[in-house]
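The structure appears right after this line, and notes come after that.
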Amino acid sequence: MVAVDDATAAWLLSQPVDYEGAVKHRLAYLLSRSLAAEGISYDLIDTLEEVLSDRPADPPTCSRKLDAFLIRYGFPVPRQPPPKVAPLSESDAARITDRFRRATRQLMQVIPHRVAMYPTEELRRLLALRDEQAAPEDALSYLRRYALAILAVLDLMGDDPE
């Protein structure tokens, strides 16, 4: 709390109140929240999970019993080769790419209203991935890079304070 003398209080009370400025700030705040609400849909979250989830092509070949036996007697467990990943079909890759491009367009409109400093590097990476055309055999790795770029932007935006 601040104490002011009578002269200062009289001067402050005689100043005109700028209702237009307060209304503009309130409208800008509400507009940014409504834009942010439109930017992230459950469809995008489901698509991100679909791309980033494990897609095993074959069931694991090693035996858990053999691993437990080796560990019990102090032997090292054999190193497993990286799992084979099931490729995406061309229609799935096209659908996911289209969804990510629409999300990029929405994020480009929303992000200036949600961050304090404009994330130029993250948005540059996002736009470069949007413009890239991946070969069919590289579709999954391309979509995973794209999904991680979208997640980086969403992370910068943070949670919606309600």
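Just so we're on the same page: first chain in the structure tokens is A, next is B, and so on; residues restart at 1 for each chain, and ligands are numbered from 1 in the order they show up.
Those residues that approach Arg124 of chain A to within 12 Å, counting only C-alpha atoms, are Thr104, Met108, Tyr118, Pro119, Leu129, Arg130, Asp131, Tyr146, Ala149, Ile150, Ala152 and Val153 of chain A; same-chain residues fewer than 5 positions away are not listed.
In this structure, atom CA of Arg101 of chain A sits 14.4 Å away from atom CA of Ala139 of chain A.
When only C-alpha atoms are used to compute distances to Leu143 of chain A, the closest of the residues A:Arg95, A:Lys65, A:Arg79, A:Lys84 turns out to be A:Arg95.
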Can you tell me which residues surround segment 154-158 of chain A at a distance of at most 7 Å, considering only C-alpha atoms, apart from same-chain residues fewer than 3 positions away, and format the answer as a list in words? Ile111, Arg114, Val115, Ile150 and Leu151 of chain A
For N, CA and C atoms, I'd like the residues from the last selection saved as a PDB file, in the first residue's frame.
```pdb
ATOM      1  N   ILE A 111       0.977 -18.376 -32.159  1.00  0.00           N
ATOM      2  CA  ILE A 111       2.153 -18.244 -31.291  1.00  0.00           C
ATOM      3  C   ILE A 111       2.533 -16.797 -30.938  1.00  0.00           C
ATOM      4  N   ARG A 114       0.959 -15.979 -27.637  1.00  0.00           N
ATOM      5  CA  ARG A 114       1.159 -16.858 -26.502  1.00  0.00           C
ATOM      6  C   ARG A 114       2.563 -16.850 -25.918  1.00  0.00           C
ATOM      7  N   VAL A 115       3.524 -16.211 -26.564  1.00  0.00           N
ATOM      8  CA  VAL A 115       4.889 -16.233 -26.055  1.00  0.00           C
ATOM      9  C   VAL A 115       5.375 -14.809 -25.833  1.00  0.00           C
ATOM     10  N   ILE A 150       6.813 -29.599 -33.889  1.00  0.00           N
ATOM     11  CA  ILE A 150       5.520 -29.095 -33.407  1.00  0.00           C
ATOM     12  C   ILE A 150       5.473 -29.137 -31.887  1.00  0.00           C
ATOM     13  N   LEU A 151       5.966 -30.216 -31.296  1.00  0.00           N
ATOM     14  CA  LEU A 151       5.992 -30.315 -29.839  1.00  0.00           C
ATOM     15  C   LEU A 151       6.878 -29.245 -29.207  1.00  0.00           C
TER      16      LEU A 151
END
```
Gap from atom CA of Tyr42 of chain A to atom CA of Asp92 of chain A - Å, one decimal: 17.8 Å
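Neighbouring residues of Asp138 of chain A at 10 Å or closer, counting only C-alpha atoms and skipping chain neighbours under 5 positions away, are Pro87, Leu88, Gln133 and Leu143 of chain A.
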Could those residues be written to a file, using C-alpha atoms, as an mmCIF file, in the first residue's frame?
```
data_model
loop_
_atom_site.group_PDB
_atom_site.id
_atom_site.type_symbol
_atom_site.label_atom_id
_atom_site.label_comp_id
_atom_site.auth_asym_id
_atom_site.auth_seq_id
_atom_site.Cartn_x
_atom_site.Cartn_y
_atom_site.Cartn_z
ATOM 1 C CA PRO A 87 6.562 -48.378 -42.193
ATOM 2 C CA LEU A 88 3.648 -46.035 -42.755
ATOM 3 C CA GLN A 133 8.954 -33.308 -49.445
ATOM 4 C CA LEU A 143 7.040 -37.157 -39.763
#
```
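Atom CA of Ala128 of chain A is found 12.7 Å from atom CA of Arg105 of chain A.
Each of A:Ala68, A:Leu126, A:Met117, A:Leu140 was compared to Ala93 of chain A using only C-alpha atoms, and A:Leu140 turns out to be the nearest.
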Alpha helix (DSSP H) per DSSP on the backbone: members of segment 69-150 of chain A, as a PyMOL selection string: chain A and resi 69-72+90-110+120-131+139-150
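For the set A:Gln109, A:Pro136, A:Asp67, A:Ala116, the residue with the smallest atom-to-atom gap to Ala94 of chain A is A:Pro136, counting only C-alpha atoms.
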